[in-house]
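One file, my_file-v6.cif, is given below (mmCIF, C-alpha atoms).
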```cif
data_data
loop_
_atom_site.label_atom_id
_atom_site.label_comp_id
_atom_site.auth_asym_id
_atom_site.auth_seq_id
_atom_site.Cartn_x
_atom_site.Cartn_y
_atom_site.Cartn_z
CA MET U 409 149.66 37.15 -138.12
CA SER U 410 151.02 39.51 -140.67
CA ALA U 411 153.63 42.11 -139.97
CA VAL U 412 152.50 45.65 -140.62
CA THR U 413 155.00 48.45 -140.98
CA THR U 414 153.71 51.87 -140.10
CA THR U 415 155.56 55.01 -141.08
CA LEU U 416 155.01 57.96 -138.81
CA SER U 417 155.61 61.43 -140.17
CA ARG U 418 155.23 63.07 -136.79
CA PRO U 419 158.89 62.69 -135.65
CA ILE U 420 160.11 64.16 -138.92
CA ALA U 421 157.78 67.14 -138.67
CA SER U 422 158.67 67.57 -135.02
CA SER U 423 162.36 67.56 -135.91
CA ALA U 424 161.84 70.18 -138.62
CA ILE U 425 159.86 72.38 -136.24
CA SER U 426 162.55 71.95 -133.58
CA LYS U 427 165.29 73.00 -136.00
CA LEU U 428 163.25 76.00 -137.12
CA ALA U 429 162.62 77.02 -133.51
CA GLN U 430 166.33 76.71 -132.69
CA ALA U 431 167.30 78.80 -135.72
CA ALA U 432 164.71 81.47 -134.89
CA THR U 433 165.94 81.61 -131.29
CA ALA U 434 169.57 81.98 -132.42
CA VAL U 435 168.64 84.78 -134.82
CA PHE U 436 166.60 86.54 -132.12
CA PHE U 437 169.42 86.43 -129.58
CA GLY U 438 172.00 87.42 -132.21
CA VAL U 439 170.00 90.48 -133.25
CA LEU U 440 169.33 91.34 -129.61
CA ILE U 441 173.00 91.13 -128.66
CA VAL U 442 174.28 93.00 -131.73
CA GLY U 443 171.59 95.64 -131.38
CA PHE U 444 172.24 96.11 -127.67
CA VAL U 445 176.01 96.36 -128.06
CA GLY U 446 175.82 98.41 -131.24
CA PHE U 447 173.45 101.03 -129.87
CA SER U 448 174.40 100.98 -126.21
CA HIS U 449 175.50 104.24 -124.66
CA LEU U 450 177.16 102.42 -121.79
CA GLU U 451 180.93 102.73 -122.07
CA ALA U 452 181.51 99.41 -120.27
CA VAL U 453 179.41 97.54 -122.86
CA HIS U 454 181.27 99.18 -125.75
CA ASN U 455 184.66 98.47 -124.20
CA ALA U 456 183.78 94.83 -123.52
CA ALA U 457 182.67 94.31 -127.12
CA HIS U 458 185.73 96.15 -128.41
CA ASP U 459 188.10 94.05 -126.32
CA THR U 460 186.33 90.85 -127.40
CA ARG U 461 186.75 91.76 -131.06
CA HIS U 462 190.47 92.39 -130.53
CA ALA U 463 190.87 89.15 -128.54
CA ASN U 464 189.38 87.21 -131.46
CA ALA U 465 191.64 88.99 -133.97
CA PHE U 466 188.63 90.63 -135.62
CA PRO U 467 189.41 94.05 -137.10
CA CYS U 468 187.10 96.76 -135.83
CA HIS U 469 188.84 99.98 -136.80
#
```
Starting from the file, give its structure as structure tokens.
Amino acid sequence: MSAVTTTLSRPIASSAISKLAQAATAVFFGVLIVGFVGFSHLEAVHNAAHDTRHANAFPCH
């Protein structure tokens, strides 16, 4: 019997697709969150975002 080595490209492609899907999901949620907070007319949402920026020492004024 001879040993045969088979290289499968499927796991590599699956990994690339998985990384792309994760990146697209992160971008989607990031835009959704920034858009919601940035354009929200709810004072509680604005205040929560404002306090979070100050808590993380991020200048917002």
Draw an axis-aligned box tight on the listed atoms of region 454-460 of chain U, then pad every side by 8 Å and write out centre and edge lengths in Å to one decimal as JSON.
```
{"center_x": 184.7, "center_y": 95.0, "center_z": -126.0, "size_x": 22.8, "size_y": 24.3, "size_z": 20.9}
```
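Here CA of Ala456 (chain U) and CA of Gly443 (chain U) stand 14.5 Å from one another.
Distance-wise, CA of Ala424 (chain U) and CA of Val442 (chain U) end up 26.9 Å apart.
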Review point. So how far away is CA of Arg461 (chain U) from CA of Phe447 (chain U), in Å?
Key: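 These atoms are spaced 16.3 Å apart.
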Since fewer atoms than expected are present, regenerate N, CA and C atoms for region 433-463 of chain U and write them as a compact mmCIF listing (two decimals), keeping the file's coordinate frame.
```
# COMPACT_ATOMS: atom_id res chain seq x y z
N THR U 433 165.43 81.16 -132.58
CA THR U 433 165.94 81.61 -131.29
C THR U 433 167.36 82.17 -131.42
N ALA U 434 168.19 81.50 -132.21
CA ALA U 434 169.57 81.98 -132.42
C ALA U 434 169.57 83.33 -133.11
N VAL U 435 168.73 83.50 -134.12
CA VAL U 435 168.64 84.78 -134.82
C VAL U 435 168.16 85.87 -133.87
N PHE U 436 167.14 85.56 -133.07
CA PHE U 436 166.60 86.54 -132.12
C PHE U 436 167.68 87.01 -131.16
N PHE U 437 168.39 86.05 -130.53
CA PHE U 437 169.42 86.43 -129.58
C PHE U 437 170.59 87.15 -130.27
N GLY U 438 170.93 86.75 -131.47
CA GLY U 438 172.00 87.42 -132.21
C GLY U 438 171.65 88.87 -132.50
N VAL U 439 170.44 89.11 -132.97
CA VAL U 439 170.00 90.48 -133.25
C VAL U 439 169.92 91.29 -131.95
N LEU U 440 169.43 90.67 -130.90
CA LEU U 440 169.33 91.34 -129.61
C LEU U 440 170.71 91.75 -129.10
N ILE U 441 171.66 90.84 -129.17
CA ILE U 441 173.00 91.13 -128.66
C ILE U 441 173.69 92.19 -129.52
N VAL U 442 173.64 92.02 -130.84
CA VAL U 442 174.28 93.00 -131.73
C VAL U 442 173.62 94.36 -131.59
N GLY U 443 172.30 94.38 -131.53
CA GLY U 443 171.59 95.64 -131.38
C GLY U 443 171.89 96.32 -130.06
N PHE U 444 171.95 95.54 -128.98
CA PHE U 444 172.24 96.11 -127.67
C PHE U 444 173.65 96.68 -127.62
N VAL U 445 174.61 95.90 -128.10
CA VAL U 445 176.01 96.36 -128.06
C VAL U 445 176.23 97.50 -129.04
N GLY U 446 175.61 97.39 -130.22
CA GLY U 446 175.82 98.41 -131.24
C GLY U 446 175.22 99.76 -130.90
N PHE U 447 174.12 99.77 -130.17
CA PHE U 447 173.45 101.03 -129.87
C PHE U 447 173.51 101.42 -128.41
N SER U 448 174.30 100.70 -127.64
CA SER U 448 174.40 100.98 -126.21
C SER U 448 175.22 102.25 -125.97
N HIS U 449 174.77 103.04 -125.03
CA HIS U 449 175.50 104.24 -124.66
C HIS U 449 176.37 104.00 -123.43
N LEU U 450 176.35 102.76 -122.94
CA LEU U 450 177.16 102.42 -121.79
C LEU U 450 178.60 102.15 -122.23
N GLU U 451 179.53 102.87 -121.67
CA GLU U 451 180.93 102.73 -122.07
C GLU U 451 181.47 101.34 -121.76
N ALA U 452 181.03 100.74 -120.65
CA ALA U 452 181.51 99.41 -120.27
C ALA U 452 181.10 98.37 -121.31
N VAL U 453 179.88 98.48 -121.84
CA VAL U 453 179.41 97.54 -122.86
C VAL U 453 180.24 97.69 -124.13
N HIS U 454 180.47 98.93 -124.54
CA HIS U 454 181.27 99.18 -125.75
C HIS U 454 182.69 98.64 -125.57
N ASN U 455 183.29 98.91 -124.43
CA ASN U 455 184.66 98.47 -124.20
C ASN U 455 184.76 96.95 -124.15
N ALA U 456 183.77 96.29 -123.57
CA ALA U 456 183.78 94.83 -123.52
C ALA U 456 183.68 94.24 -124.92
N ALA U 457 182.80 94.80 -125.75
CA ALA U 457 182.67 94.31 -127.12
C ALA U 457 183.94 94.59 -127.92
N HIS U 458 184.51 95.76 -127.71
CA HIS U 458 185.73 96.15 -128.41
C HIS U 458 186.88 95.22 -128.05
N ASP U 459 187.03 94.95 -126.77
CA ASP U 459 188.10 94.05 -126.32
C ASP U 459 187.89 92.63 -126.83
N THR U 460 186.64 92.19 -126.89
CA THR U 460 186.33 90.85 -127.40
C THR U 460 186.70 90.75 -128.88
N ARG U 461 186.38 91.79 -129.64
CA ARG U 461 186.75 91.76 -131.06
C ARG U 461 188.26 91.67 -131.21
N HIS U 462 189.01 92.45 -130.45
CA HIS U 462 190.47 92.39 -130.53
C HIS U 462 191.00 91.03 -130.08
N ALA U 463 190.41 90.46 -129.04
CA ALA U 463 190.87 89.15 -128.54
C ALA U 463 190.66 88.05 -129.57
```
